[in-house]
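Data from query-v9.pdb: PDB, C-alpha atoms
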```pdb
MODEL        1
ATOM      1  CA  MET A   1       0.000   0.000   0.000
ATOM      2  CA  ALA A   2       2.816   2.407   0.889
ATOM      3  CA  ALA A   3       4.473   1.686  -2.458
ATOM      4  CA  LYS A   4       1.230   2.494  -4.279
ATOM      5  CA  ARG A   5       0.858   5.781  -2.421
ATOM      6  CA  LYS A   6       4.441   6.692  -3.242
ATOM      7  CA  ALA A   7       3.902   5.846  -6.908
ATOM      8  CA  HIS A   8       0.705   7.931  -6.961
ATOM      9  CA  ARG A   9       2.495  10.938  -5.463
ATOM     10  CA  ALA A  10       5.307  10.545  -7.982
ATOM     11  CA  SER A  11       2.774  10.361 -10.807
ATOM     12  CA  GLU A  12       0.962  13.484  -9.617
ATOM     13  CA  GLY A  13       4.281  15.267  -9.251
ATOM     14  CA  SER A  14       5.237  14.311 -12.794
ATOM     15  CA  LYS A  15       1.895  15.577 -14.131
ATOM     16  CA  GLN A  16       2.355  18.864 -12.252
ATOM     17  CA  ALA A  17       5.847  19.228 -13.694
ATOM     18  CA  ILE A  18       4.507  18.718 -17.212
ATOM     19  CA  LEU A  19       1.806  21.364 -16.716
ATOM     20  CA  GLU A  20       4.276  23.887 -15.362
ATOM     21  CA  ALA A  21       6.756  23.137 -18.142
ATOM     22  CA  VAL A  22       4.296  23.406 -21.021
ATOM     23  CA  LEU A  23       2.344  26.434 -19.771
ATOM     24  CA  SER A  24       4.561  29.047 -21.425
ATOM     25  CA  ARG A  25       4.570  27.081 -24.683
ATOM     26  CA  ALA A  26       0.769  26.912 -24.610
ATOM     27  CA  VAL A  27       0.488  30.668 -24.076
ATOM     28  CA  GLU A  28       2.950  31.360 -26.874
ATOM     29  CA  ALA A  29       1.560  28.915 -29.448
ATOM     30  CA  GLY A  30      -2.098  28.777 -28.429
ATOM     31  CA  TYR A  31      -4.306  25.722 -28.597
ATOM     32  CA  GLU A  32      -3.900  25.068 -32.314
ATOM     33  CA  GLY A  33      -0.149  25.573 -32.278
ATOM     34  CA  THR A  34       0.638  23.349 -29.302
ATOM     35  CA  THR A  35       1.379  19.695 -30.036
ATOM     36  CA  MET A  36       2.000  16.748 -27.765
ATOM     37  CA  ALA A  37       5.546  16.673 -29.171
ATOM     38  CA  ASP A  38       5.939  20.270 -27.921
ATOM     39  CA  VAL A  39       4.777  19.101 -24.506
ATOM     40  CA  ALA A  40       7.358  16.334 -24.471
ATOM     41  CA  ARG A  41      10.149  18.737 -25.446
ATOM     42  CA  ALA A  42       9.111  21.357 -22.891
ATOM     43  CA  SER A  43       8.883  18.818 -20.073
ATOM     44  CA  GLY A  44      11.986  16.864 -21.062
ATOM     45  CA  LEU A  45      10.019  13.607 -20.933
ATOM     46  CA  PRO A  46       9.517  10.931 -23.587
ATOM     47  CA  ILE A  47       6.321  11.480 -25.524
ATOM     48  CA  GLY A  48       5.065   8.125 -24.235
ATOM     49  CA  SER A  49       5.245   9.481 -20.690
ATOM     50  CA  VAL A  50       3.267  12.540 -21.720
ATOM     51  CA  TYR A  51       0.517  10.376 -23.222
ATOM     52  CA  TRP A  52       0.505   8.280 -20.055
ATOM     53  CA  HIS A  53      -0.558  11.401 -18.131
ATOM     54  CA  PHE A  54      -2.713  13.037 -20.801
ATOM     55  CA  GLN A  55      -4.786  11.103 -23.295
ATOM     56  CA  ASN A  56      -4.661  13.895 -25.871
ATOM     57  CA  LYS A  57      -4.278  17.652 -26.297
ATOM     58  CA  GLU A  58      -7.860  18.340 -25.209
ATOM     59  CA  GLN A  59      -7.275  16.658 -21.875
ATOM     60  CA  LEU A  60      -3.968  18.494 -21.474
ATOM     61  CA  PHE A  61      -5.668  21.870 -21.921
ATOM     62  CA  VAL A  62      -8.475  20.868 -19.564
ATOM     63  CA  GLU A  63      -5.814  20.166 -16.930
ATOM     64  CA  LEU A  64      -4.035  23.439 -17.733
ATOM     65  CA  LEU A  65      -7.295  25.326 -17.273
ATOM     66  CA  ASP A  66      -7.911  23.663 -13.915
ATOM     67  CA  TYR A  67      -4.330  24.340 -12.823
ATOM     68  CA  CYS A  68      -4.550  28.045 -13.765
ATOM     69  CA  PHE A  69      -7.998  28.325 -12.178
ATOM     70  CA  GLU A  70      -6.632  27.128  -8.845
ATOM     71  CA  LEU A  71      -3.885  29.746  -9.043
ATOM     72  CA  TRP A  72      -6.483  32.380  -9.961
ATOM     73  CA  LYS A  73      -8.645  31.514  -6.949
ATOM     74  CA  GLN A  74      -5.646  31.714  -4.637
ATOM     75  CA  ALA A  75      -4.656  35.113  -6.045
ATOM     76  CA  ASN A  76      -8.167  36.513  -5.683
ATOM     77  CA  ALA A  77      -9.282  34.837  -2.462
ATOM     78  CA  SER A  78      -8.750  37.944  -0.326
ATOM     79  CA  VAL A  79      -9.999  40.541  -2.820
ATOM     80  CA  GLY A  80     -12.251  42.899  -0.871
ATOM     81  CA  GLY A  81     -14.019  45.122  -3.383
ATOM     82  CA  MET A  82     -14.391  46.361  -6.940
ATOM     83  CA  ARG A  83     -11.243  48.500  -6.982
ATOM     84  CA  GLU A  84      -9.004  45.772  -5.631
ATOM     85  CA  LEU A  85     -10.631  43.254  -7.977
ATOM     86  CA  LEU A  86      -9.909  45.407 -11.044
ATOM     87  CA  ARG A  87      -6.353  45.962  -9.887
ATOM     88  CA  HIS A  88      -5.970  42.188  -9.963
ATOM     89  CA  THR A  89      -7.901  41.407 -13.132
ATOM     90  CA  ILE A  90      -6.875  44.370 -15.319
ATOM     91  CA  GLY A  91      -3.715  45.745 -13.733
ATOM     92  CA  GLN A  92      -2.144  42.312 -13.279
ATOM     93  CA  SER A  93      -3.916  39.412 -14.995
ATOM     94  CA  ALA A  94      -4.974  41.131 -18.241
ATOM     95  CA  ALA A  95      -1.679  42.986 -18.446
ATOM     96  CA  ALA A  96       0.147  39.649 -18.231
ATOM     97  CA  SER A  97      -1.272  38.683 -21.632
ATOM     98  CA  ALA A  98       1.308  41.014 -23.179
ATOM     99  CA  SER A  99       4.237  38.766 -22.208
ATOM    100  CA  LEU A 100       5.246  35.367 -20.874
ATOM    101  CA  ALA A 101       6.400  36.735 -17.518
ATOM    102  CA  GLU A 102       3.284  35.339 -15.801
ATOM    103  CA  PRO A 103       2.081  32.462 -17.996
ATOM    104  CA  ALA A 104      -0.632  31.291 -15.581
ATOM    105  CA  ALA A 105      -2.281  34.725 -15.853
ATOM    106  CA  ALA A 106      -1.604  35.138 -19.575
ATOM    107  CA  PHE A 107      -3.119  31.709 -20.236
ATOM    108  CA  TRP A 108      -6.638  33.160 -19.921
ATOM    109  CA  SER A 109      -6.193  34.867 -23.288
ATOM    110  CA  ILE A 110      -6.469  31.358 -24.754
ATOM    111  CA  GLY A 111      -9.830  31.092 -23.050
ATOM    112  CA  LEU A 112     -11.115  33.999 -25.141
ATOM    113  CA  VAL A 113     -10.097  32.088 -28.258
ATOM    114  CA  PHE A 114     -12.149  29.138 -27.020
ATOM    115  CA  ALA A 115     -15.100  31.472 -26.483
ATOM    116  CA  PHE A 116     -14.915  32.815 -30.046
ATOM    117  CA  GLU A 117     -14.180  29.503 -31.790
ATOM    118  CA  ARG A 118     -17.644  28.003 -32.095
ATOM    119  CA  ARG A 119     -16.248  25.308 -34.372
ATOM    120  CA  LEU A 120     -14.680  23.905 -31.195
ATOM    121  CA  GLU A 121     -18.128  23.508 -29.647
ATOM    122  CA  ASP A 122     -17.547  19.815 -28.808
ATOM    123  CA  ASN A 123     -13.980  20.382 -27.647
ATOM    124  CA  LEU A 124     -13.583  19.363 -23.994
ATOM    125  CA  ALA A 125     -11.150  22.184 -23.275
ATOM    126  CA  ARG A 126     -13.604  24.780 -24.619
ATOM    127  CA  GLN A 127     -16.385  23.275 -22.529
ATOM    128  CA  ARG A 128     -14.189  23.364 -19.443
ATOM    129  CA  TYR A 129     -13.226  26.988 -20.089
ATOM    130  CA  LEU A 130     -16.870  28.026 -20.350
ATOM    131  CA  ALA A 131     -17.667  26.150 -17.123
ATOM    132  CA  ILE A 132     -14.744  27.831 -15.322
ATOM    133  CA  ARG A 133     -15.878  31.202 -16.673
ATOM    134  CA  LYS A 134     -19.216  30.681 -14.918
ATOM    135  CA  GLU A 135     -17.445  29.636 -11.718
ATOM    136  CA  MET A 136     -15.252  32.748 -11.898
ATOM    137  CA  PHE A 137     -18.341  34.922 -12.283
ATOM    138  CA  GLN A 138     -20.005  33.322  -9.262
ATOM    139  CA  PHE A 139     -16.790  33.716  -7.265
ATOM    140  CA  VAL A 140     -16.511  37.424  -8.128
ATOM    141  CA  THR A 141     -20.205  38.034  -7.462
ATOM    142  CA  SER A 142     -19.955  36.484  -3.997
ATOM    143  CA  GLN A 143     -16.863  38.601  -3.272
ATOM    144  CA  LEU A 144     -18.636  41.789  -4.317
ATOM    145  CA  ARG A 145     -21.896  41.149  -2.461
ATOM    146  CA  VAL A 146     -20.196  41.727   0.885
ATOM    147  CA  SER A 147     -19.134  45.185  -0.363
ATOM    148  CA  TYR A 148     -22.680  46.452   0.169
ATOM    149  CA  PRO A 149     -23.497  45.511   3.793
ATOM    150  CA  GLU A 150     -25.849  48.405   4.492
ATOM    151  CA  VAL A 151     -28.349  47.694   1.706
ATOM    152  CA  PRO A 152     -31.080  45.057   1.387
ATOM    153  CA  GLU A 153     -29.973  41.628   0.210
ATOM    154  CA  GLY A 154     -31.821  41.905  -3.090
ATOM    155  CA  VAL A 155     -30.180  45.241  -3.869
ATOM    156  CA  ALA A 156     -26.734  43.936  -2.903
ATOM    157  CA  ALA A 157     -27.211  40.877  -5.115
ATOM    158  CA  GLU A 158     -28.273  42.996  -8.102
ATOM    159  CA  LEU A 159     -25.364  45.405  -7.664
ATOM    160  CA  ALA A 160     -22.860  42.574  -7.301
ATOM    161  CA  HIS A 161     -24.199  40.886 -10.439
ATOM    162  CA  ASP A 162     -24.110  44.084 -12.507
ATOM    163  CA  MET A 163     -20.614  45.034 -11.329
ATOM    164  CA  ALA A 164     -19.348  41.512 -12.022
ATOM    165  CA  VAL A 165     -20.721  41.706 -15.581
ATOM    166  CA  MET A 166     -19.076  45.087 -16.156
ATOM    167  CA  GLY A 167     -15.817  44.017 -14.539
ATOM    168  CA  ARG A 168     -15.638  40.870 -16.640
ATOM    169  CA  ALA A 169     -16.340  42.789 -19.854
ATOM    170  CA  LEU A 170     -13.634  45.319 -19.043
ATOM    171  CA  THR A 171     -11.131  42.606 -18.167
ATOM    172  CA  ASP A 172     -11.842  40.689 -21.379
ATOM    173  CA  GLY A 173     -11.356  43.852 -23.405
ATOM    174  CA  PHE A 174      -8.071  44.740 -21.741
ATOM    175  CA  ARG A 175      -6.891  41.155 -22.159
ATOM    176  CA  VAL A 176      -7.411  41.503 -25.911
ATOM    177  CA  ALA A 177      -5.592  44.846 -25.847
ATOM    178  CA  ALA A 178      -2.627  43.285 -24.076
ATOM    179  CA  ALA A 179      -2.464  40.299 -26.437
ATOM    180  CA  ALA A 180      -2.659  42.676 -29.415
ATOM    181  CA  GLY A 181       0.275  44.679 -28.083
ATOM    182  CA  ASP A 182      -1.642  47.929 -27.552
ATOM    183  CA  ASP A 183       0.315  50.653 -25.761
ATOM    184  CA  THR A 184      -1.821  50.683 -22.615
ATOM    185  CA  ASP A 185      -1.085  51.634 -19.022
ATOM    186  CA  PHE A 186      -3.106  48.810 -17.435
ATOM    187  CA  THR A 187      -2.585  50.019 -13.877
ATOM    188  CA  ARG A 188      -3.949  53.455 -14.739
ATOM    189  CA  TYR A 189      -6.951  52.084 -16.570
ATOM    190  CA  ALA A 190      -7.720  49.670 -13.755
ATOM    191  CA  GLU A 191      -8.028  52.699 -11.469
ATOM    192  CA  LEU A 192     -10.117  54.627 -14.011
ATOM    193  CA  ALA A 193     -12.434  51.640 -14.452
ATOM    194  CA  ALA A 194     -12.802  51.398 -10.677
ATOM    195  CA  ASP A 195     -13.594  55.136 -10.474
ATOM    196  CA  ALA A 196     -16.329  54.746 -13.089
ATOM    197  CA  LEU A 197     -17.913  51.674 -11.535
ATOM    198  CA  GLU A 198     -17.774  53.042  -7.988
ATOM    199  CA  SER A 199     -19.483  56.195  -9.242
ATOM    200  CA  LEU A 200     -22.158  54.043 -10.868
ATOM    201  CA  VAL A 201     -22.654  52.115  -7.623
ATOM    202  CA  ALA A 202     -22.984  55.367  -5.658
ATOM    203  CA  THR A 203     -25.631  56.614  -8.076
ATOM    204  CA  ARG A 204     -27.569  53.363  -7.882
ATOM    205  CA  LEU A 205     -27.434  53.335  -4.083
ATOM    206  CA  LYS A 206     -28.713  56.913  -3.975
ATOM    207  CA  GLU A 207     -31.617  55.899  -6.226
ATOM    208  CA  TYR A 208     -32.506  52.999  -3.922
ATOM    209  CA  THR A 209     -32.280  55.257  -0.867
ATOM    210  CA  HIS A 210     -34.718  57.788  -2.305
ATOM    211  CA  ALA A 211     -37.048  55.255  -3.943
TER     212      ALA A 211
ENDMDL
END
```
Using the file provided, produce a representation of the structure as structure tokens.
Amino acid sequence: MAAKRKAHRASEGSKQAILEAVLSRAVEAGYEGTTMADVARASGLPIGSVYWHFQNKEQLFVELLDYCFELWKQANASVGGMRELLRHTIGQSAAASASLAEPAAAFWSIGLVFAFERRLEDNLARQRYLAIRKEMFQFVTSQLRVSYPEVPEGVAAELAHDMAVMGRALTDGFRVAAAAGDDTDFTRYAELAADALESLVATRLKEYTHA
């Protein structure tokens, strides 16, 4: 039994090493441009070992998505409001799409490709990305709801939902800008976006107060 547990840990460690090794290649080449041979070269393992861990490229990208999602949740677990959230999502994560300095953050630009490529409708990696996108939205909404403690629950829920929609749209747009190489000061625009959304929230709260 001990030998089996040791072998399992070694196997999981090998899989983790492959994911970490291939992440930058996946960001650079995208889904279409990444091959299992690339994975083998990046990880330094025989291609047979790669296929032992991952049945095919779809499964590999599913695992990459899950791996990056865990890192995303850890990075955003303590986010306390809209401004801090946008600093993370625009000022850091979206900005990372411009380079390979933070591949786990830049990897989400591939997710946008999955969203646009409807021909990949049956692709398991696309399906997983869309599922994670929903989980991210729910995560952000729950984080934002506690930002409005002095208003009725229904109002707080509506505000959190609307701000999460706007924040996601802004982040997606800045992610495209970064990937396209636009000359953008992401930190500055994260603050400007926060100013605009906080002003919108203040206006909405005033409307509810005087309703």
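Here CA of Thr35 (chain A) is placed at a distance of 26.4 Å from CA of Ala177 (chain A).
The set of residues that the PyMOL selection byres ((chain A and resi 184) around 12) takes from this file is Ile90, Gly91, Ala94, Ala95, Ala98, Gly173, Phe174, Arg175, Val176, Ala177, Ala178, Ala179, Ala180, Gly181, Asp182, Asp183, Asp185, Phe186, Thr187, Arg188, Tyr189 and Ala190 of chain A.
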Go ahead and write the selection's residues with C-alpha atoms as a CSV table (one decimal), keeping the file's coordinate frame.
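Final file, part-v3.csv:
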```
chain,number,residue,atom,x,y,z
A,90,ILE,CA,-6.9,44.4,-15.3
A,91,GLY,CA,-3.7,45.7,-13.7
A,94,ALA,CA,-5.0,41.1,-18.2
A,95,ALA,CA,-1.7,43.0,-18.4
A,98,ALA,CA,1.3,41.0,-23.2
A,173,GLY,CA,-11.4,43.9,-23.4
A,174,PHE,CA,-8.1,44.7,-21.7
A,175,ARG,CA,-6.9,41.2,-22.2
A,176,VAL,CA,-7.4,41.5,-25.9
A,177,ALA,CA,-5.6,44.8,-25.8
A,178,ALA,CA,-2.6,43.3,-24.1
A,179,ALA,CA,-2.5,40.3,-26.4
A,180,ALA,CA,-2.7,42.7,-29.4
A,181,GLY,CA,0.3,44.7,-28.1
A,182,ASP,CA,-1.6,47.9,-27.6
A,183,ASP,CA,0.3,50.7,-25.8
A,185,ASP,CA,-1.1,51.6,-19.0
A,186,PHE,CA,-3.1,48.8,-17.4
A,187,THR,CA,-2.6,50.0,-13.9
A,188,ARG,CA,-3.9,53.5,-14.7
A,189,TYR,CA,-7.0,52.1,-16.6
A,190,ALA,CA,-7.7,49.7,-13.8
```
Computed gap from CA of Ala77 (chain A) to CA of Ala21 (chain A) is 25.3 Å
List the spatial neighbours of Thr89 (chain A) as an NGL selection string - criterion: any atom at most 9 Å away, all atoms listed in the file, same-chain residues fewer than 3 positions off excluded. :A and (76 or 84-86 or 92-95 or 167-168 or 171 or 190)
Name every residue that the PyMOL selection byres ((chain A and resi 110-123) around 8) selects in this structure, writing the answer as a list in words with chains first and numbers rising. Val27, Gly30, Tyr31, Glu58, Phe107, Trp108, Ser109, Leu124, Ala125, Arg126, Gln127, Tyr129, Leu130 and Asp172 of chain A
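For the atom pair formed by CA of Ser24 (chain A) and CA of Glu191 (chain A), the distance is 28.6 Å, given to one decimal.
With only C-alpha atoms as the atoms that count, the residue of A:Leu192, A:Val140, A:Ala160, A:Ala101 with the shortest distance to Arg204 (chain A) is A:Ala160.
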Which one of A:Phe139, A:Tyr67, A:Ile18, A:Trp72 sits closest to Pro46 (chain A) if you count only C-alpha atoms? A:Ile18
Edge lengths and centre in Å to one decimal, as AutoDock Vina command-line options, is what I'm after for the box along x, y and z that holds all listed atoms of region 77-87 of chain A once 6 Å is added on each side.
```
--center_x -10.4 --center_y 41.7 --center_z -5.7 --size_x 20.0 --size_y 25.7 --size_z 22.7
```
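The result of the PyMOL selection byres ((chain A and resi 148-153) around 12) on the shown file is Gly80, Gly81, Met82, Thr141, Ser142, Gln143, Leu144, Arg145, Val146, Ser147, Gly154, Val155, Ala156, Ala157, Glu158, Leu159, Ala160, Met163, Glu198, Val201, Ala202, Arg204, Leu205, Lys206, Glu207, Tyr208 and Thr209 of chain A.
In terms of minimum interatomic distance to Glu102 (chain A), A:Leu23 ranks closest within A:Ala37, A:Leu65, A:Val165, A:Leu23, counting all atoms listed in the file.
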Which residues are close to Phe69 (chain A), i.e. within 9 Å by all atoms listed in the file, leaving aside same-chain residues fewer than 4 positions away? Reply as a ChimeraX atom specification. /A:64-65,73-74,104,132,136
For region 146-172 of chain A, where the input has fewer atoms than it should, I would like N, CA and C atoms rebuilt and written as a PDB file, in the coordinates of the input.
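Contents of selection.pdb, as written:
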```pdb
ATOM      1  N   VAL A 146     -20.502  41.268  -0.473  1.00  0.00           N
ATOM      2  CA  VAL A 146     -20.196  41.727   0.885  1.00  0.00           C
ATOM      3  C   VAL A 146     -19.732  43.175   0.904  1.00  0.00           C
ATOM      4  N   SER A 147     -19.560  43.788  -0.293  1.00  0.00           N
ATOM      5  CA  SER A 147     -19.134  45.185  -0.363  1.00  0.00           C
ATOM      6  C   SER A 147     -20.282  46.144  -0.079  1.00  0.00           C
ATOM      7  N   TYR A 148     -21.508  45.605  -0.018  1.00  0.00           N
ATOM      8  CA  TYR A 148     -22.680  46.452   0.169  1.00  0.00           C
ATOM      9  C   TYR A 148     -23.464  45.972   1.395  1.00  0.00           C
ATOM     10  N   PRO A 149     -22.872  46.075   2.586  1.00  0.00           N
ATOM     11  CA  PRO A 149     -23.497  45.511   3.793  1.00  0.00           C
ATOM     12  C   PRO A 149     -24.689  46.296   4.311  1.00  0.00           C
ATOM     13  N   GLU A 150     -24.810  47.548   3.925  1.00  0.00           N
ATOM     14  CA  GLU A 150     -25.849  48.405   4.492  1.00  0.00           C
ATOM     15  C   GLU A 150     -27.106  48.466   3.640  1.00  0.00           C
ATOM     16  N   VAL A 151     -27.181  47.649   2.596  1.00  0.00           N
ATOM     17  CA  VAL A 151     -28.349  47.694   1.706  1.00  0.00           C
ATOM     18  C   VAL A 151     -29.068  46.349   1.751  1.00  0.00           C
ATOM     19  N   PRO A 152     -30.343  46.321   1.384  1.00  0.00           N
ATOM     20  CA  PRO A 152     -31.080  45.057   1.387  1.00  0.00           C
ATOM     21  C   PRO A 152     -30.406  43.992   0.532  1.00  0.00           C
ATOM     22  N   GLU A 153     -30.633  42.733   0.888  1.00  0.00           N
ATOM     23  CA  GLU A 153     -29.973  41.628   0.210  1.00  0.00           C
ATOM     24  C   GLU A 153     -30.242  41.637  -1.291  1.00  0.00           C
ATOM     25  N   GLY A 154     -31.491  41.896  -1.668  1.00  0.00           N
ATOM     26  CA  GLY A 154     -31.821  41.905  -3.090  1.00  0.00           C
ATOM     27  C   GLY A 154     -31.063  42.974  -3.855  1.00  0.00           C
ATOM     28  N   VAL A 155     -30.927  44.144  -3.252  1.00  0.00           N
ATOM     29  CA  VAL A 155     -30.180  45.241  -3.869  1.00  0.00           C
ATOM     30  C   VAL A 155     -28.699  44.886  -3.976  1.00  0.00           C
ATOM     31  N   ALA A 156     -28.144  44.336  -2.899  1.00  0.00           N
ATOM     32  CA  ALA A 156     -26.734  43.936  -2.903  1.00  0.00           C
ATOM     33  C   ALA A 156     -26.465  42.888  -3.982  1.00  0.00           C
ATOM     34  N   ALA A 157     -27.379  41.930  -4.118  1.00  0.00           N
ATOM     35  CA  ALA A 157     -27.211  40.877  -5.115  1.00  0.00           C
ATOM     36  C   ALA A 157     -27.249  41.445  -6.528  1.00  0.00           C
ATOM     37  N   GLU A 158     -28.164  42.381  -6.772  1.00  0.00           N
ATOM     38  CA  GLU A 158     -28.273  42.996  -8.102  1.00  0.00           C
ATOM     39  C   GLU A 158     -27.033  43.813  -8.431  1.00  0.00           C
ATOM     40  N   LEU A 159     -26.579  44.610  -7.454  1.00  0.00           N
ATOM     41  CA  LEU A 159     -25.364  45.405  -7.664  1.00  0.00           C
ATOM     42  C   LEU A 159     -24.156  44.521  -7.934  1.00  0.00           C
ATOM     43  N   ALA A 160     -24.000  43.472  -7.140  1.00  0.00           N
ATOM     44  CA  ALA A 160     -22.860  42.574  -7.301  1.00  0.00           C
ATOM     45  C   ALA A 160     -22.885  41.926  -8.685  1.00  0.00           C
ATOM     46  N   HIS A 161     -24.069  41.504  -9.117  1.00  0.00           N
ATOM     47  CA  HIS A 161     -24.199  40.886 -10.439  1.00  0.00           C
ATOM     48  C   HIS A 161     -23.825  41.877 -11.541  1.00  0.00           C
ATOM     49  N   ASP A 162     -24.373  43.096 -11.468  1.00  0.00           N
ATOM     50  CA  ASP A 162     -24.110  44.084 -12.507  1.00  0.00           C
ATOM     51  C   ASP A 162     -22.633  44.486 -12.539  1.00  0.00           C
ATOM     52  N   MET A 163     -22.031  44.649 -11.375  1.00  0.00           N
ATOM     53  CA  MET A 163     -20.614  45.034 -11.329  1.00  0.00           C
ATOM     54  C   MET A 163     -19.714  43.893 -11.815  1.00  0.00           C
ATOM     55  N   ALA A 164     -20.116  42.659 -11.537  1.00  0.00           N
ATOM     56  CA  ALA A 164     -19.348  41.512 -12.022  1.00  0.00           C
ATOM     57  C   ALA A 164     -19.407  41.421 -13.539  1.00  0.00           C
ATOM     58  N   VAL A 165     -20.586  41.698 -14.115  1.00  0.00           N
ATOM     59  CA  VAL A 165     -20.721  41.706 -15.581  1.00  0.00           C
ATOM     60  C   VAL A 165     -19.821  42.784 -16.180  1.00  0.00           C
ATOM     61  N   MET A 166     -19.888  43.995 -15.630  1.00  0.00           N
ATOM     62  CA  MET A 166     -19.076  45.087 -16.156  1.00  0.00           C
ATOM     63  C   MET A 166     -17.581  44.818 -15.973  1.00  0.00           C
ATOM     64  N   GLY A 167     -17.223  44.307 -14.800  1.00  0.00           N
ATOM     65  CA  GLY A 167     -15.817  44.017 -14.539  1.00  0.00           C
ATOM     66  C   GLY A 167     -15.271  42.952 -15.474  1.00  0.00           C
ATOM     67  N   ARG A 168     -16.075  41.922 -15.729  1.00  0.00           N
ATOM     68  CA  ARG A 168     -15.638  40.870 -16.640  1.00  0.00           C
ATOM     69  C   ARG A 168     -15.476  41.401 -18.058  1.00  0.00           C
ATOM     70  N   ALA A 169     -16.425  42.231 -18.507  1.00  0.00           N
ATOM     71  CA  ALA A 169     -16.340  42.789 -19.854  1.00  0.00           C
ATOM     72  C   ALA A 169     -15.092  43.661 -20.010  1.00  0.00           C
ATOM     73  N   LEU A 170     -14.823  44.472 -19.003  1.00  0.00           N
ATOM     74  CA  LEU A 170     -13.634  45.319 -19.043  1.00  0.00           C
ATOM     75  C   LEU A 170     -12.357  44.475 -19.064  1.00  0.00           C
ATOM     76  N   THR A 171     -12.315  43.464 -18.224  1.00  0.00           N
ATOM     77  CA  THR A 171     -11.131  42.606 -18.167  1.00  0.00           C
ATOM     78  C   THR A 171     -10.907  41.891 -19.490  1.00  0.00           C
ATOM     79  N   ASP A 172     -11.973  41.358 -20.081  1.00  0.00           N
ATOM     80  CA  ASP A 172     -11.842  40.689 -21.379  1.00  0.00           C
ATOM     81  C   ASP A 172     -11.300  41.652 -22.431  1.00  0.00           C
TER      82      ASP A 172
END
```
